[in-house]
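Chemist: As input, take entry28.pdb (PDB, C-alpha atoms, pLDDT in the B column):
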ATOM      1  CA  MET A   2     -15.560 -22.374  -1.142  1.00 46.00           C
ATOM      2  CA  LYS A   3     -18.271 -19.931  -2.199  1.00 53.00           C
ATOM      3  CA  GLU A   4     -17.187 -16.881  -4.241  1.00 53.00           C
ATOM      4  CA  GLN A   5     -17.900 -13.550  -2.673  1.00 51.00           C
ATOM      5  CA  LYS A   6     -19.440 -10.907  -4.900  1.00 55.00           C
ATOM      6  CA  ILE A   7     -17.730  -7.528  -4.693  1.00 55.00           C
ATOM      7  CA  GLN A   8     -20.316  -4.875  -4.007  1.00 76.00           C
ATOM      8  CA  GLY A   9     -20.111  -1.234  -4.975  1.00 79.00           C
ATOM      9  CA  PRO A  10     -22.000   1.761  -3.678  1.00 84.00           C
ATOM     10  CA  SER A  11     -25.763   1.445  -3.228  1.00 86.00           C
ATOM     11  CA  ILE A  12     -28.104   2.374  -6.053  1.00 87.00           C
ATOM     12  CA  PRO A  13     -29.330   5.584  -4.330  1.00 87.00           C
ATOM     13  CA  THR A  14     -25.701   6.610  -3.762  1.00 87.00           C
ATOM     14  CA  VAL A  15     -24.791   5.986  -7.394  1.00 88.00           C
ATOM     15  CA  LEU A  16     -27.962   7.762  -8.592  1.00 87.00           C
ATOM     16  CA  PHE A  17     -27.034  10.837  -6.553  1.00 93.00           C
ATOM     17  CA  LEU A  18     -23.300  10.963  -7.231  1.00 91.00           C
ATOM     18  CA  SER A  19     -23.607  10.081 -10.937  1.00 91.00           C
ATOM     19  CA  TRP A  20     -26.615  12.390 -11.392  1.00 92.00           C
ATOM     20  CA  PHE A  21     -28.997   9.643 -12.443  1.00 93.00           C
ATOM     21  CA  TYR A  22     -26.263   7.601 -14.153  1.00 90.00           C
ATOM     22  CA  THR A  23     -25.204  10.397 -16.536  1.00 93.00           C
ATOM     23  CA  GLY A  24     -21.733  10.135 -15.004  1.00 90.00           C
ATOM     24  CA  LYS A  25     -21.567   6.552 -16.237  1.00 92.00           C
ATOM     25  CA  SER A  26     -21.340   7.810 -19.828  1.00 91.00           C
ATOM     26  CA  PRO A  27     -18.355   6.134 -21.520  1.00 91.00           C
ATOM     27  CA  LYS A  28     -17.319   9.427 -23.133  1.00 93.00           C
ATOM     28  CA  ALA A  29     -17.076  12.862 -21.459  1.00 94.00           C
ATOM     29  CA  PRO A  30     -19.032  12.074 -18.273  1.00 92.00           C
ATOM     30  CA  GLY A  31     -18.386  15.567 -16.864  1.00 92.00           C
ATOM     31  CA  THR A  32     -19.811  17.191 -19.968  1.00 95.00           C
ATOM     32  CA  ILE A  33     -22.796  14.840 -19.993  1.00 96.00           C
ATOM     33  CA  GLY A  34     -23.399  15.483 -16.274  1.00 95.00           C
ATOM     34  CA  SER A  35     -23.250  19.230 -16.912  1.00 96.00           C
ATOM     35  CA  LEU A  36     -25.735  18.948 -19.786  1.00 97.00           C
ATOM     36  CA  ALA A  37     -27.986  16.795 -17.613  1.00 96.00           C
ATOM     37  CA  THR A  38     -28.230  19.690 -15.146  1.00 97.00           C
ATOM     38  CA  ILE A  39     -30.124  21.823 -17.656  1.00 97.00           C
ATOM     39  CA  PRO A  40     -33.508  20.092 -17.017  1.00 97.00           C
ATOM     40  CA  LEU A  41     -33.039  20.842 -13.309  1.00 97.00           C
ATOM     41  CA  ILE A  42     -32.308  24.480 -14.147  1.00 98.00           C
ATOM     42  CA  TYR A  43     -35.495  24.606 -16.247  1.00 96.00           C
ATOM     43  CA  LEU A  44     -37.472  23.072 -13.389  1.00 97.00           C
ATOM     44  CA  LEU A  45     -36.088  25.553 -10.874  1.00 98.00           C
ATOM     45  CA  HIS A  46     -36.873  28.427 -13.226  1.00 97.00           C
ATOM     46  CA  TYR A  47     -40.390  27.072 -13.804  1.00 96.00           C
ATOM     47  CA  LEU A  48     -40.875  26.871 -10.029  1.00 97.00           C
ATOM     48  CA  GLN A  49     -39.705  30.504  -9.854  1.00 96.00           C
ATOM     49  CA  ILE A  50     -36.992  29.736  -7.332  1.00 97.00           C
ATOM     50  CA  ASN A  51     -35.488  32.869  -5.821  1.00 97.00           C
ATOM     51  CA  ILE A  52     -31.777  33.393  -5.291  1.00 97.00           C
ATOM     52  CA  TYR A  53     -31.978  32.646  -1.555  1.00 98.00           C
ATOM     53  CA  SER A  54     -33.711  29.316  -2.099  1.00 98.00           C
ATOM     54  CA  LEU A  55     -31.238  28.483  -4.864  1.00 98.00           C
ATOM     55  CA  ILE A  56     -28.313  29.217  -2.544  1.00 98.00           C
ATOM     56  CA  ALA A  57     -29.906  27.010   0.130  1.00 98.00           C
ATOM     57  CA  LEU A  58     -30.356  24.215  -2.428  1.00 98.00           C
ATOM     58  CA  ILE A  59     -26.756  24.542  -3.601  1.00 98.00           C
ATOM     59  CA  ALA A  60     -25.471  24.531  -0.011  1.00 98.00           C
ATOM     60  CA  THR A  61     -27.535  21.438   0.825  1.00 98.00           C
ATOM     61  CA  LEU A  62     -26.357  19.596  -2.287  1.00 98.00           C
ATOM     62  CA  PHE A  63     -22.773  20.656  -1.565  1.00 98.00           C
ATOM     63  CA  VAL A  64     -22.774  19.299   2.000  1.00 98.00           C
ATOM     64  CA  ALA A  65     -24.527  16.064   0.994  1.00 97.00           C
ATOM     65  CA  ALA A  66     -22.160  15.594  -1.950  1.00 97.00           C
ATOM     66  CA  VAL A  67     -19.055  16.147   0.179  1.00 97.00           C
ATOM     67  CA  VAL A  68     -20.202  13.655   2.821  1.00 96.00           C
ATOM     68  CA  VAL A  69     -21.343  10.945   0.394  1.00 95.00           C
ATOM     69  CA  THR A  70     -18.347  11.402  -1.921  1.00 94.00           C
ATOM     70  CA  GLU A  71     -15.923  11.159   0.998  1.00 94.00           C
ATOM     71  CA  LYS A  72     -17.538   7.922   2.216  1.00 93.00           C
ATOM     72  CA  VAL A  73     -17.461   6.353  -1.260  1.00 91.00           C
ATOM     73  CA  GLN A  74     -13.895   7.448  -1.978  1.00 89.00           C
ATOM     74  CA  GLN A  75     -12.652   6.103   1.373  1.00 89.00           C
ATOM     75  CA  LYS A  76     -14.554   2.836   1.229  1.00 89.00           C
ATOM     76  CA  TYR A  77     -13.564   2.013  -2.360  1.00 87.00           C
ATOM     77  CA  HIS A  78     -10.117   3.667  -2.337  1.00 84.00           C
ATOM     78  CA  LEU A  79     -10.952   6.141  -5.102  1.00 82.00           C
ATOM     79  CA  HIS A  80      -9.845   9.667  -5.894  1.00 81.00           C
ATOM     80  CA  ASP A  81     -12.324  11.812  -7.822  1.00 80.00           C
ATOM     81  CA  PRO A  82     -13.664   9.057 -10.108  1.00 83.00           C
ATOM     82  CA  GLN A  83     -15.089  10.317 -13.408  1.00 88.00           C
ATOM     83  CA  TRP A  84     -18.513   8.821 -12.755  1.00 92.00           C
ATOM     84  CA  ILE A  85     -19.085  11.215  -9.839  1.00 92.00           C
ATOM     85  CA  VAL A  86     -20.663  14.224 -11.543  1.00 95.00           C
ATOM     86  CA  ILE A  87     -22.743  15.738  -8.740  1.00 97.00           C
ATOM     87  CA  ASP A  88     -19.902  18.269  -8.503  1.00 96.00           C
ATOM     88  CA  GLU A  89     -20.661  19.336 -12.089  1.00 97.00           C
ATOM     89  CA  VAL A  90     -24.326  19.734 -11.151  1.00 98.00           C
ATOM     90  CA  ILE A  91     -23.348  21.973  -8.239  1.00 98.00           C
ATOM     91  CA  GLY A  92     -20.936  23.960 -10.413  1.00 98.00           C
ATOM     92  CA  MET A  93     -23.582  24.480 -13.086  1.00 98.00           C
ATOM     93  CA  LEU A  94     -26.123  25.627 -10.481  1.00 98.00           C
ATOM     94  CA  ILE A  95     -23.598  28.080  -9.039  1.00 98.00           C
ATOM     95  CA  THR A  96     -22.873  29.431 -12.522  1.00 98.00           C
ATOM     96  CA  TRP A  97     -26.595  29.747 -13.274  1.00 98.00           C
ATOM     97  CA  ALA A  98     -27.145  31.608  -9.978  1.00 98.00           C
ATOM     98  CA  PHE A  99     -25.359  34.567 -11.564  1.00 97.00           C
ATOM     99  CA  ALA A 100     -27.862  34.625 -14.458  1.00 95.00           C
ATOM    100  CA  MET A 101     -31.189  33.109 -13.268  1.00 94.00           C
ATOM    101  CA  THR A 102     -32.703  33.015 -16.773  1.00 93.00           C
ATOM    102  CA  VAL A 103     -33.235  30.110 -19.152  1.00 93.00           C
ATOM    103  CA  ASP A 104     -33.074  31.573 -22.643  1.00 93.00           C
ATOM    104  CA  PHE A 105     -30.846  29.648 -25.053  1.00 94.00           C
ATOM    105  CA  PRO A 106     -27.945  32.164 -25.163  1.00 93.00           C
ATOM    106  CA  THR A 107     -27.787  32.264 -21.363  1.00 94.00           C
ATOM    107  CA  LEU A 108     -27.870  28.490 -20.963  1.00 96.00           C
ATOM    108  CA  PHE A 109     -25.241  28.122 -23.679  1.00 96.00           C
ATOM    109  CA  LEU A 110     -23.067  30.658 -21.865  1.00 96.00           C
ATOM    110  CA  VAL A 111     -23.636  28.975 -18.477  1.00 97.00           C
ATOM    111  CA  PHE A 112     -22.753  25.563 -19.889  1.00 97.00           C
ATOM    112  CA  GLY A 113     -19.805  26.711 -21.999  1.00 97.00           C
ATOM    113  CA  SER A 114     -18.231  28.926 -19.372  1.00 97.00           C
ATOM    114  CA  PHE A 115     -18.629  26.313 -16.641  1.00 97.00           C
ATOM    115  CA  ARG A 116     -17.058  23.596 -18.782  1.00 97.00           C
ATOM    116  CA  PHE A 117     -14.177  25.930 -19.680  1.00 97.00           C
ATOM    117  CA  PHE A 118     -13.418  26.878 -16.066  1.00 97.00           C
ATOM    118  CA  ASP A 119     -13.938  23.284 -14.904  1.00 94.00           C
ATOM    119  CA  ILE A 120     -11.375  22.018 -17.402  1.00 94.00           C
ATOM    120  CA  VAL A 121      -8.851  24.858 -16.942  1.00 94.00           C
ATOM    121  CA  LYS A 122      -9.090  24.792 -13.109  1.00 93.00           C
ATOM    122  CA  ILE A 123      -7.765  28.242 -12.226  1.00 93.00           C
ATOM    123  CA  TRP A 124      -6.388  28.460  -8.686  1.00 95.00           C
ATOM    124  CA  PRO A 125      -7.787  27.732  -6.103  1.00 94.00           C
ATOM    125  CA  ALA A 126      -9.805  25.161  -8.090  1.00 86.00           C
ATOM    126  CA  SER A 127      -6.548  23.429  -9.014  1.00 86.00           C
ATOM    127  CA  TYR A 128      -5.589  23.288  -5.332  1.00 89.00           C
ATOM    128  CA  PHE A 129      -8.869  21.626  -4.349  1.00 88.00           C
ATOM    129  CA  ASP A 130      -8.645  19.268  -7.333  1.00 83.00           C
ATOM    130  CA  ARG A 131      -5.446  17.757  -5.892  1.00 87.00           C
ATOM    131  CA  MET A 132      -7.043  17.031  -2.497  1.00 84.00           C
ATOM    132  CA  LYS A 133      -7.616  13.349  -1.808  1.00 84.00           C
ATOM    133  CA  HIS A 134     -11.016  13.578  -0.147  1.00 88.00           C
ATOM    134  CA  GLY A 135     -14.637  14.421  -0.848  1.00 89.00           C
ATOM    135  CA  PHE A 136     -14.306  18.102   0.022  1.00 94.00           C
ATOM    136  CA  GLY A 137     -11.705  18.602  -2.698  1.00 91.00           C
ATOM    137  CA  THR A 138     -13.636  16.529  -5.227  1.00 91.00           C
ATOM    138  CA  ILE A 139     -16.687  18.765  -4.875  1.00 95.00           C
ATOM    139  CA  THR A 140     -15.066  22.124  -4.113  1.00 96.00           C
ATOM    140  CA  ASP A 141     -12.936  22.386  -7.258  1.00 95.00           C
ATOM    141  CA  ASP A 142     -16.130  22.455  -9.332  1.00 96.00           C
ATOM    142  CA  ALA A 143     -17.823  24.896  -6.962  1.00 97.00           C
ATOM    143  CA  VAL A 144     -14.887  27.284  -7.387  1.00 97.00           C
ATOM    144  CA  SER A 145     -15.014  26.790 -11.162  1.00 97.00           C
ATOM    145  CA  GLY A 146     -18.740  27.557 -10.978  1.00 98.00           C
ATOM    146  CA  ILE A 147     -18.022  30.839  -9.209  1.00 98.00           C
ATOM    147  CA  TYR A 148     -15.478  31.832 -11.859  1.00 98.00           C
ATOM    148  CA  ALA A 149     -17.880  30.845 -14.636  1.00 98.00           C
ATOM    149  CA  GLY A 150     -20.719  32.702 -12.926  1.00 98.00           C
ATOM    150  CA  ILE A 151     -18.700  35.905 -12.683  1.00 97.00           C
ATOM    151  CA  PHE A 152     -17.680  35.525 -16.321  1.00 97.00           C
ATOM    152  CA  THR A 153     -21.303  34.925 -17.344  1.00 97.00           C
ATOM    153  CA  PHE A 154     -22.503  37.923 -15.337  1.00 96.00           C
ATOM    154  CA  ILE A 155     -19.892  40.227 -16.884  1.00 95.00           C
ATOM    155  CA  LEU A 156     -20.676  39.082 -20.418  1.00 94.00           C
ATOM    156  CA  GLN A 157     -24.404  39.499 -19.901  1.00 90.00           C
ATOM    157  CA  LYS A 158     -24.157  42.947 -18.321  1.00 87.00           C
ATOM    158  CA  PHE A 159     -21.405  44.574 -20.289  1.00 86.00           C
ATOM    159  CA  ILE A 160     -21.400  43.031 -23.755  1.00 76.00           C
TER     160      ILE A 160
END
Hey, can you dump this file as structure tokens for me?
Modeler:
Amino acid sequence: MKEQKIQGPSIPTVLFLSWFYTGKSPKAPGTIGSLATIPLIYLLHYLQINIYSLIALIATLFVAAVVVTEKVQQKYHLHDPQWIVIDEVIGMLITWAFAMTVDFPTLFLVFGSFRFFDIVKIWPASYFDRMKHGFGTITDDAVSGIYAGIFTFILQKFI
């Protein structure tokens, strides 16, 4: 009898969900995925993206990530696997939307505050984190991105 090879998600799916394989890092894939978002932020800044286009990009990525994540999690019986870091990309973009600059202090604040809120998971992020489908997997980081964005905005404006 011929052995059957177990197949995983397609390469384009893994590229998207793992943000070009950064989520496959053996240590701290969420942190690595968040750091790997910084070149995208630089590109968007270089292209002079406006807030409306950034929101449209985030919304598009969010919907695509929810759909693809849900399909992968159902098909392979997974719940929020660490290698899926597109949610960190979305969270970082949401956080950056509150700043829209790329100087080192701002990017450090965007990264640090997002990682803090992503790890702490203040409600309702904690609620979404417990959901067993793609919407929850992506939304907990989006909520954390909103918290981090507000925090970043306040620090930049008032301190």
Chemist: Applied to this file, what does the PyMOL selection byres ((chain A and resi 7-24) around 8) return in terms of residues, put as a compact mmCIF listing (two decimals) with C-alpha atoms, in the frame of the given file?
Modeler:
# COMPACT_ATOMS: atom_id res chain seq x y z
CA GLN A 5 -17.90 -13.55 -2.67
CA LYS A 6 -19.44 -10.91 -4.90
CA LYS A 25 -21.57 6.55 -16.24
CA SER A 26 -21.34 7.81 -19.83
CA PRO A 30 -19.03 12.07 -18.27
CA GLY A 31 -18.39 15.57 -16.86
CA ILE A 33 -22.80 14.84 -19.99
CA GLY A 34 -23.40 15.48 -16.27
CA ALA A 37 -27.99 16.80 -17.61
CA ALA A 66 -22.16 15.59 -1.95
CA VAL A 69 -21.34 10.94 0.39
CA THR A 70 -18.35 11.40 -1.92
CA VAL A 73 -17.46 6.35 -1.26
CA TYR A 77 -13.56 2.01 -2.36
CA GLN A 83 -15.09 10.32 -13.41
CA TRP A 84 -18.51 8.82 -12.76
CA ILE A 85 -19.08 11.22 -9.84
CA VAL A 86 -20.66 14.22 -11.54
CA ILE A 87 -22.74 15.74 -8.74
CA VAL A 90 -24.33 19.73 -11.15
Chemist: Name every residue that the PyMOL selection byres ((chain A and resi 81) around 10) selects in this structure, writing the answer as JSON, numbers by chain with chains first and numbers rising.
Modeler: {"A": [70, 71, 73, 74, 79, 80, 82, 83, 84, 85, 86, 88, 130, 131, 132, 133, 134, 135, 137, 138, 139]}
Chemist: One decimal, Å: what's the distance from atom CA of Trp124 of chain A over to atom CA of Gly146 of chain A, could you say?
Modeler: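 Taking atom CA of Trp124 of chain A and atom CA of Gly146 of chain A, their separation equals 12.6 Å.
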Chemist: Considering all atoms listed in the file, state which residue in the set A:Tyr128, A:Gln75, A:Ala29, A:Ala98 is at the smallest distance from Asn51 of chain A.
Modeler: A:Ala98
Chemist: When distances are computed from only C-alpha atoms, which of A:Leu45, A:Leu55, A:Ile39, A:Val144 shows the smallest separation from Phe112 of chain A?
Modeler: A:Ile39
Chemist: Enumerate, as a PyMOL selection string, the residues matched when the PyMOL selection byres ((chain A and resi 93) around 12) is run on the file above.
Modeler: chain A and resi 31-42+55+59+86-92+94-101+108-119+142-150+153
Chemist: Would you please work out which residue, of A:Lys122, A:Asp141, A:Phe136, A:Tyr47, is nearest to Val64 of chain A when using all atoms listed in the file?
Modeler: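 Between A:Lys122, A:Asp141, A:Phe136, A:Tyr47, the residue approaching Val64 of chain A most closely is A:Phe136.
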Chemist: Would you compute the box with edges along x, y and z of the file around segment 108-124 of chain A, including every atom the file lists for it and 3 Å extra on each side, and give its centre and edge lengths in Å to one decimal, as AutoDock Vina command-line options?
Modeler:
--center_x -17.1 --center_y 26.3 --center_z -16.2 --size_x 27.5 --size_y 14.6 --size_z 21.0
Chemist: Just checking: using only C-alpha atoms, which residue out of A:Ile56, A:Val67, A:Val121, A:Leu48 ends up closest to Thr140 of chain A?
Modeler: A:Val67
Chemist: I'd like the interatomic distance between atom CA of Ile120 of chain A and atom CA of Ser54 of chain A, to a tenth of an Å.
Modeler: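 One can read the atom CA of Ile120 of chain A to atom CA of Ser54 of chain A distance as 28.0 Å.
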